[in-house]
Each structure stands twice: as C-alpha cells, then as structure tokens.
Amino acid sequence: MNKTIRRASVFCLLLVLALLVRVTWVQAYQGQALADNENNRRNLIGQYENPLGNIIVGGEAITGSQKTDGKDFGYKRTYVDGPLYAPITGYSSQAFGTSMLEGVYKKILNGSDDRLKTVMDMLTNKRASPGDVLTTIDKGVQKAAYDALQGKQGSAVAIDPATGEILAIVNNPSFDPGTITGANDKDAWAKLIQDNGKAMENVALRKPQAPGSTFKLVTLAAAIENGLVTNLDTPTGTPDPYTIPGTRTLLPSEAGSAACNNASPRTALRLSCNNVFAELAHKLGQDKMRAMAEKLGFNTETATPVTARPASKYPTKKMSVDQVAQTGIGQFDVQATPLQMAMVTAAIENGGKLVAPHSVSEVTDANGNVLESFKNPKSEQVMEAKTASMLQDAMRTVATEGGGKPAQVAGAEVGGKTGTAQRGVNNSLPPLAWFTSYGKAGGKQIAVAVVIENSDTDRSEIGGGKLAAPIAQKMMAAWLKN
C-alpha cells in the first residue's frame, strides 16, 4: 500500500475512534447532566406534557391545569383566586420559569422528582404522576388580610405561635399568576415588571424595612434578659428631653416630654417613648442587642420553605454609641420583614419559645403518601418564660390603653405594639406604619405583623395604630372566632 494512503487511513481510523470515544463519554457520563440542563427545551416541554400536581389550602386545590392547543406544551398552569394566593404559590410559567412554592417544589409538581417514581417508572424511564403540596394557610385569615389591605400598599403575615404554621401571607399590590402561565404572555409579563416589578414583590417575606417602634419589643426583651429591667412599673430615670449619646441631637417622642420623662417600661411601651428605648439600647450595647435580635431570627435567611431573602438585619459592623441608641427604636440600619416581626411576637406569646415558621405542612405523592412533613418543626427557647410573660403584660397595656386599641377582639386577650418608621432622605417618603400583635382565646393563638407602605391617608395621620392595627384585628378575629 502506498505510504501516503496508509498514513491517511490510520489518521481516519483514529478520528473514527475519537468520535466513538466522545459519543460513549457523552452517553455514559454526561447524558444525565445534559438531560437535566436547564437550557434543554425537552425538559421544559416534559414539565407541561401532563397535568401538574396541586398546591392545597384548607383541603382544596388553589391551582389546576388546563389543556392547551399548542404543539409543544400539552398543559398550562391555572390558579384559583390568583392575586389572593400569589405570595404563596408564586407562578409557574412556560416562558418565565417558576417562583415561590411553584419553584421550590417544581419537581414534585411536574412529576420529575425521583421520590415519586414507581419501580415501573424507573424501568421505563417514564415521568411519574405528580405530587401535591399541602400548605398551612388558613383561608379565612388570608382573605381577611387581603380584603383589609385593599386601597393600601402593604403586607401582612400571621403565624400560629404554638405550631409555627404560617396562617397568612398577603401583599398588596398583588398579581394574577394565571396571566403569565403560557408560552406567549410577553405583554402580560411586561406589565407586571413595570414600576420595578412592584406587583410581584413579596414584601411579606423579601423586603426588609425599618421596623420602627415595633422593634422596641426586641429592645425590651434584651433589657429584661440582661437584668436592666426587673419591674415594668419602676421609673427608668431616663430624662426627656433626651440627647442621643455622643451627639447634641435631641430625640423627640410623639407623646411629648412630660409624658415620657422618667417613664416606666410599661408606660414607655404604651406611649412609645423613644428616650427610654434608646437609652436601654445604649446601656446594653451593640453585642447584647444583636444577640437578642439574632435569637429571634435577625441576620438569618429563614426558609418557610420559600427563603426570606435578604434576611432581616441588625447591624453586625461596629457602630458608634449614637447609632446603637437609634437601633433601640428600630431605626438606623435595623431592617425587618413582616414575617420577622410576626416571629418576634410569636415567640413572646409562646412563652419565649420560637417555633420555626413554615407555610407547608406536607408534601405527598399522587396516592397521598407523605414524602416530606413539617408537623414537628424545630423550636428554640429564645428568652425566659418570665421575660415573655412581662412582654405580654406590657403589650396588653398597649392594646387596652394605648395606640393598639383598634386591634381589640371581643372575648380575646390581645397585646400589641405600634410602630412608625421614617424613611427616605430627610424623611422625604411617607413613613411606614407598623403593627404587630398577638391574640388568644378558646385555646387558639395567633401572632400578626402588618406594614403599610403607602395609603391615601394624610401624612400627619400616618401611624401603626390607625392604619395597620385594624388590619391585624380582622386577621386575628378571623382565626380566633373560627
């Protein structure tokens, strides 16, 4: 054979062998990775080839599936009362992906989770029948909050303190996830992402903001735990007018100097005296304040199982003495979500024990077999029972004699804390109106947090007691009277 031809033949043989090795490598070692790649359109088509599993509230599905006329996608997601439950479900879109519970449990709901497969499914590599996600949400509490928030921009969260079950997660404005479930919903998506996507912003879980005076509950908890406060009715000796430590700046209180001068902790919480809580934070120092906040969930991304990201924050970087004092009244760099403030109140109502908040009770397969259960959540004693009892006592005074009166529920014990947080450069934006409270009656209990970001209320009338407390009242009544 001609030498040149022989070399060419050997070279071609090597190329064929290389090709065979590459094909074998792809099929044997990279096949699954390529099959699971998020850019593999076959996966997306497979997700919507059959009806999806459902998200359940109160034993009823709040999601469904509708057959399409498309060539690629056999079904698309549908929603019952979409705007009401959007902060919980999120969306499942053929064009824009998934979010919230639809995202966390995507594989359960589309049948691709290996735990759903039978032996026959594994042998045939068939997609399994989808599973369901059972939530802890209470229809009555969810609807009460949603209706009460109409006409206002804000958010609300409710928790059962004893079990950690989240009873409601509500945002307004909200959106209808059913408008973006198809493959050609670009116009609907464009409308939703206007104004920085405010309609889809999950304020309840994912927008930490200054909690204002509701954070005084954390400050008072730290003061009691560290022995600074031993009696709610003993005058603190804190003067008003009060000068912020390290500065010449006077810190005013809405109730006025005469009412807040030398106020007791009970009176200071009822009147929301800034001088008392700023001084307590100053005396405690940053480390003790941060330790109490972190026990209650600050600086941690809480998973519900939807992750509350970014986390509510108490500053970890070294602060000056004036900055520490400001954190005592929920200002400076302190930030919290409604979920976080509901957790604070839940721990207080539950004797100082914080039960991990969760919005899902069980995840099941198509036959109802439990794949995941959250019925025994983690819990931690974050403050002494005596501390929690004192805080409850002080919060009851707020609800019976102070700004929390609008939260009263007939026949129930209610305790609360109002809050108004300044925001914007030189307070250019309307202040946030906060309210957090607990209620209990007939062996049932509930902890609630509400924040109002904007409303048609005159700026001078904005306050947690006036705007947020009535919403909390409706939520607590819906649960306690059920």
# chains A, B, ... in the order shown; residues from 1 in each chain; ligands from 1
>>> residues_around(residues="range 389-395 of chain A", least_positions_apart="4", cutoff="9 Å", atoms="only C-alpha atoms", output="list of chain:residue names")
A:Leu217, A:Leu220, A:Ala221, A:Ile224, A:Asn231, A:Leu232, A:Pro265, A:Arg266, A:Thr267, A:Leu269, A:Arg270, A:Ile348, A:Glu349, A:Gly351, A:Gly352, A:Glu384, A:Ala385, A:Ala399, A:Thr400, A:Gly404, A:Val414, A:Gly415, A:Gly416, A:Lys417, A:Ser437, A:Tyr438
>>> residues_around(residues="Asp147 in chain A", least_positions_apart="6", cutoff="10 Å", atoms="only C-alpha atoms", output="number ranges by chain")
A: 84, 170, 172, 471, 474
>>> write_last_selection(atoms="N, CA, C and O atoms", output="compact mmCIF listing (two decimals), in the first residue's frame")
# COMPACT_ATOMS: atom_id res chain seq x y z
N LEU A 84 -55.03 36.58 45.35
CA LEU A 84 -55.13 36.33 46.79
C LEU A 84 -53.98 35.45 47.28
O LEU A 84 -53.39 35.71 48.34
N VAL A 170 -49.79 37.91 52.84
CA VAL A 170 -50.57 38.76 51.93
C VAL A 170 -49.77 39.99 51.53
O VAL A 170 -49.12 40.61 52.37
N ASN A 172 -50.18 43.62 48.99
CA ASN A 172 -50.96 44.47 48.11
C ASN A 172 -50.10 45.66 47.70
O ASN A 172 -49.58 46.36 48.57
N ILE A 471 -56.22 46.19 60.49
CA ILE A 471 -55.99 45.03 59.62
C ILE A 471 -55.63 43.82 60.47
O ILE A 471 -56.14 42.72 60.27
N LYS A 474 -58.73 42.33 62.12
CA LYS A 474 -59.56 41.47 61.26
C LYS A 474 -58.92 40.09 61.08
O LYS A 474 -59.62 39.08 61.02
>>> select_by_dssp(residues="range 94-302 of chain A", states="strand (DSSP E)", output="number ranges by chain")
A: 97-98, 132-135, 153-159, 166-172
>>> residues_around(residues="Thr436 in chain A", least_positions_apart="2", cutoff="10 Å", atoms="only C-alpha atoms", output="number ranges by chain")
A: 156-158, 214-215, 217, 338, 341-346, 395, 404, 407, 415-419, 434, 438, 447-451, 464-465, 468-469, 472
>>> write_last_selection(atoms="N, CA, C and O atoms", output="CSV table (one decimal), in the first residue's frame")
chain,number,residue,atom,x,y,z
A,156,ALA,N,-48.9,41.7,55.1
A,156,ALA,CA,-49.3,41.2,56.4
A,156,ALA,C,-48.9,39.7,56.5
A,156,ALA,O,-49.0,39.0,55.5
A,157,VAL,N,-48.5,39.2,57.7
A,157,VAL,CA,-48.2,37.8,57.9
A,157,VAL,C,-48.9,37.4,59.2
A,157,VAL,O,-48.9,38.2,60.2
A,158,ALA,N,-49.4,36.2,59.3
A,158,ALA,CA,-49.9,35.7,60.5
A,158,ALA,C,-49.3,34.3,60.8
A,158,ALA,O,-49.1,33.5,59.9
A,214,THR,N,-42.0,49.0,66.6
A,214,THR,CA,-42.2,47.6,66.8
A,214,THR,C,-41.0,46.8,67.3
A,214,THR,O,-41.1,45.9,68.1
A,215,PHE,N,-39.8,47.4,66.9
A,215,PHE,CA,-38.5,46.8,67.4
A,215,PHE,C,-38.3,47.0,68.8
A,215,PHE,O,-37.4,46.3,69.4
A,217,LEU,N,-39.9,46.0,71.1
A,217,LEU,CA,-40.2,44.7,71.8
A,217,LEU,C,-38.9,43.9,71.9
A,217,LEU,O,-38.6,43.3,73.0
A,338,PRO,N,-42.3,41.8,57.6
A,338,PRO,CA,-43.5,41.4,58.4
A,338,PRO,C,-43.3,40.0,59.0
A,338,PRO,O,-43.7,39.7,60.1
A,341,MET,N,-41.2,40.3,62.2
A,341,MET,CA,-41.8,40.9,63.3
A,341,MET,C,-42.9,40.0,63.8
A,341,MET,O,-43.2,39.9,65.0
A,342,ALA,N,-43.6,39.2,63.0
A,342,ALA,CA,-44.5,38.2,63.4
A,342,ALA,C,-43.8,37.1,64.2
A,342,ALA,O,-44.4,36.6,65.2
A,343,MET,N,-42.6,36.8,63.8
A,343,MET,CA,-41.8,35.8,64.6
A,343,MET,C,-41.5,36.3,66.0
A,343,MET,O,-41.5,35.5,67.0
A,344,VAL,N,-41.1,37.6,66.1
A,344,VAL,CA,-40.8,38.2,67.4
A,344,VAL,C,-42.1,38.0,68.3
A,344,VAL,O,-42.0,37.6,69.5
A,345,THR,N,-43.2,38.4,67.8
A,345,THR,CA,-44.4,38.4,68.6
A,345,THR,C,-44.9,37.0,68.9
A,345,THR,O,-45.4,36.7,70.0
A,346,ALA,N,-44.6,36.1,68.0
A,346,ALA,CA,-45.0,34.6,68.2
A,346,ALA,C,-44.2,34.1,69.3
A,346,ALA,O,-44.7,33.3,70.2
A,395,MET,N,-47.5,44.5,76.5
A,395,MET,CA,-48.2,44.6,75.2
A,395,MET,C,-49.8,44.7,75.4
A,395,MET,O,-50.5,45.3,74.6
A,404,GLY,N,-52.8,50.7,70.4
A,404,GLY,CA,-53.3,49.4,69.9
A,404,GLY,C,-54.7,49.1,70.1
A,404,GLY,O,-55.2,48.0,69.8
A,407,ALA,N,-57.0,47.1,67.7
A,407,ALA,CA,-56.8,45.7,67.4
A,407,ALA,C,-57.6,44.8,68.4
A,407,ALA,O,-57.5,43.6,68.2
A,415,GLY,N,-52.6,41.6,72.8
A,415,GLY,CA,-51.4,42.5,73.1
A,415,GLY,C,-50.8,43.0,71.8
A,415,GLY,O,-50.8,42.2,70.8
A,416,GLY,N,-50.3,44.2,71.8
A,416,GLY,CA,-49.8,44.7,70.5
A,416,GLY,C,-48.7,45.7,70.7
A,416,GLY,O,-48.3,46.1,71.8
A,417,LYS,N,-48.1,46.2,69.6
A,417,LYS,CA,-47.2,47.3,69.6
A,417,LYS,C,-47.3,48.0,68.2
A,417,LYS,O,-47.2,47.4,67.2
A,418,THR,N,-47.4,49.3,68.3
A,418,THR,CA,-47.5,50.1,67.1
A,418,THR,C,-46.1,50.5,66.7
A,418,THR,O,-45.1,50.4,67.5
A,419,GLY,N,-46.0,51.0,65.5
A,419,GLY,CA,-44.7,51.5,65.0
A,419,GLY,C,-44.8,52.4,63.8
A,419,GLY,O,-45.7,52.2,63.0
A,434,TRP,N,-46.5,50.5,61.1
A,434,TRP,CA,-46.4,49.1,61.5
A,434,TRP,C,-47.3,48.7,62.7
A,434,TRP,O,-47.7,49.6,63.5
A,438,TYR,N,-50.5,39.9,69.2
A,438,TYR,CA,-50.9,38.5,69.5
A,438,TYR,C,-52.3,38.5,70.0
A,438,TYR,O,-52.8,39.5,70.5
A,447,ALA,N,-50.2,35.2,66.0
A,447,ALA,CA,-49.3,36.4,66.0
A,447,ALA,C,-49.4,37.0,64.7
A,447,ALA,O,-49.3,36.3,63.7
A,448,VAL,N,-49.4,38.3,64.6
A,448,VAL,CA,-49.6,39.0,63.3
A,448,VAL,C,-48.7,40.2,63.2
A,448,VAL,O,-48.3,40.8,64.2
A,449,ALA,N,-48.2,40.5,62.0
A,449,ALA,CA,-47.5,41.7,61.8
A,449,ALA,C,-48.0,42.3,60.5
A,449,ALA,O,-48.2,41.6,59.5
A,450,VAL,N,-48.2,43.6,60.5
A,450,VAL,CA,-48.7,44.3,59.3
A,450,VAL,C,-47.8,45.6,59.1
A,450,VAL,O,-47.5,46.3,60.0
A,451,VAL,N,-47.5,45.8,57.8
A,451,VAL,CA,-46.8,47.1,57.5
A,451,VAL,C,-47.6,47.7,56.3
A,451,VAL,O,-48.0,47.1,55.4
A,464,GLY,N,-49.1,53.4,63.0
A,464,GLY,CA,-49.4,52.0,63.1
A,464,GLY,C,-50.8,51.7,63.7
A,464,GLY,O,-51.5,50.8,63.2
A,465,GLY,N,-51.1,52.4,64.7
A,465,GLY,CA,-52.4,52.2,65.4
A,465,GLY,C,-53.6,52.5,64.5
A,465,GLY,O,-54.6,51.8,64.5
A,468,ALA,N,-52.5,50.2,60.5
A,468,ALA,CA,-52.2,48.8,60.5
A,468,ALA,C,-52.9,47.9,61.5
A,468,ALA,O,-53.3,46.8,61.3
A,469,ALA,N,-53.2,48.5,62.7
A,469,ALA,CA,-53.9,47.8,63.7
A,469,ALA,C,-55.3,47.2,63.3
A,469,ALA,O,-55.6,46.1,63.7
A,472,ALA,N,-54.7,44.0,61.4
A,472,ALA,CA,-54.4,42.9,62.4
A,472,ALA,C,-55.6,42.4,63.1
A,472,ALA,O,-55.8,41.2,63.3
>>> closest_residue(among="A:Lys481, A:Arg309, A:Arg22, A:Lys405", to="Val203 in chain A", atoms="only C-alpha atoms")
A:Arg309
>>> residues_around(residues="range 302-304 of chain A", least_positions_apart="6", cutoff="7 Å", atoms="only C-alpha atoms", output="list in words")
Pro357, His358 and Ser359 of chain A
>>> closest_residue(among="A:Val16, A:Ala223, A:Ala199, A:Ala183", to="Lys71 in chain A", atoms="only C-alpha atoms")
A:Ala183
>>> atom_distance(atom1="CA of Lys191 in chain A", atom2="CA of Thr98 in chain A")
17.6 Å
>>> residues_around(residues="Ala336 in chain A", least_positions_apart="5", cutoff="7 Å", atoms="only C-alpha atoms", output="number ranges by chain")
A: 208-211, 312-313, 341
>>> write_last_selection(atoms="C-alpha atoms", output="JSON list (two decimals), in the first residue's frame")
[["chain", "number", "residue", "atom", "x", "y", "z"],
["A", 208, "PRO", "CA", -36.77, 44.14, 54.97],
["A", 209, "GLN", "CA", -37.53, 47.74, 56.01],
["A", 210, "ALA", "CA", -37.12, 49.84, 59.13],
["A", 211, "PRO", "CA", -39.49, 48.31, 61.73],
["A", 312, "SER", "CA", -33.95, 40.92, 58.33],
["A", 313, "LYS", "CA", -30.97, 42.79, 59.72],
["A", 341, "MET", "CA", -41.83, 40.87, 63.31]]
>>> residues_around(residues="range 60-65 of chain A", least_positions_apart="6", cutoff="6 Å", atoms="only C-alpha atoms", output="number ranges by chain")
A: 51, 54, 76-80
>>> select_by_dssp(residues="range 243-303 of chain A", states="helix (DSSP H, G or I)", output="ChimeraX atom specification")
/A:257-260,265-271,274-284,286-295
>>> residues_around(residues="range 254-261 of chain A", least_positions_apart="6", cutoff="7 Å", atoms="only C-alpha atoms", output="ChimeraX atom specification")
/A:238-241,268,271,273
>>> write_last_selection(atoms="N, CA, C and O atoms", output="short mmCIF file (atom, residue, chain, number, x, y, z; two decimals), in the first residue's frame")
data_model
loop_
_atom_site.label_atom_id
_atom_site.label_comp_id
_atom_site.auth_asym_id
_atom_site.auth_seq_id
_atom_site.Cartn_x
_atom_site.Cartn_y
_atom_site.Cartn_z
N THR A 238 -34.92 57.83 82.94
CA THR A 238 -34.45 58.38 81.65
C THR A 238 -35.12 59.72 81.39
O THR A 238 -36.35 59.81 81.38
N PRO A 239 -34.32 60.76 81.19
CA PRO A 239 -34.91 62.10 81.03
C PRO A 239 -35.52 62.30 79.64
O PRO A 239 -35.18 61.61 78.68
N ASP A 240 -36.43 63.21 79.59
CA ASP A 240 -36.96 63.70 78.32
C ASP A 240 -37.23 65.19 78.51
O ASP A 240 -38.03 65.54 79.39
N PRO A 241 -36.57 66.08 77.80
CA PRO A 241 -35.79 65.87 76.57
C PRO A 241 -34.57 64.94 76.78
O PRO A 241 -33.95 64.96 77.84
N ALA A 268 -43.57 53.47 78.82
CA ALA A 268 -42.76 53.76 77.64
C ALA A 268 -43.21 52.95 76.44
O ALA A 268 -43.21 53.44 75.31
N LEU A 271 -46.77 54.40 75.36
CA LEU A 271 -46.67 55.70 74.70
C LEU A 271 -45.59 55.73 73.61
O LEU A 271 -45.45 56.72 72.92
N CYS A 273 -42.25 55.75 73.98
CA CYS A 273 -41.27 56.79 74.34
C CYS A 273 -39.89 56.43 73.79
O CYS A 273 -39.27 55.46 74.24
#
>>> closest_residue(among="A:Val229, A:Pro310, A:Val398, A:Val334", to="Lys283 in chain A", atoms="only C-alpha atoms")
A:Val229
>>> closest_residue(among="A:Phe277, A:Gln94, A:Leu13, A:Gly227", to="Asp72 in chain A", atoms="only C-alpha atoms")
A:Gln94
>>> closest_residue(among="A:Arg396, A:Arg6, A:Arg290, A:Lys444", to="Lys318 in chain A", atoms="only C-alpha atoms")
A:Arg290
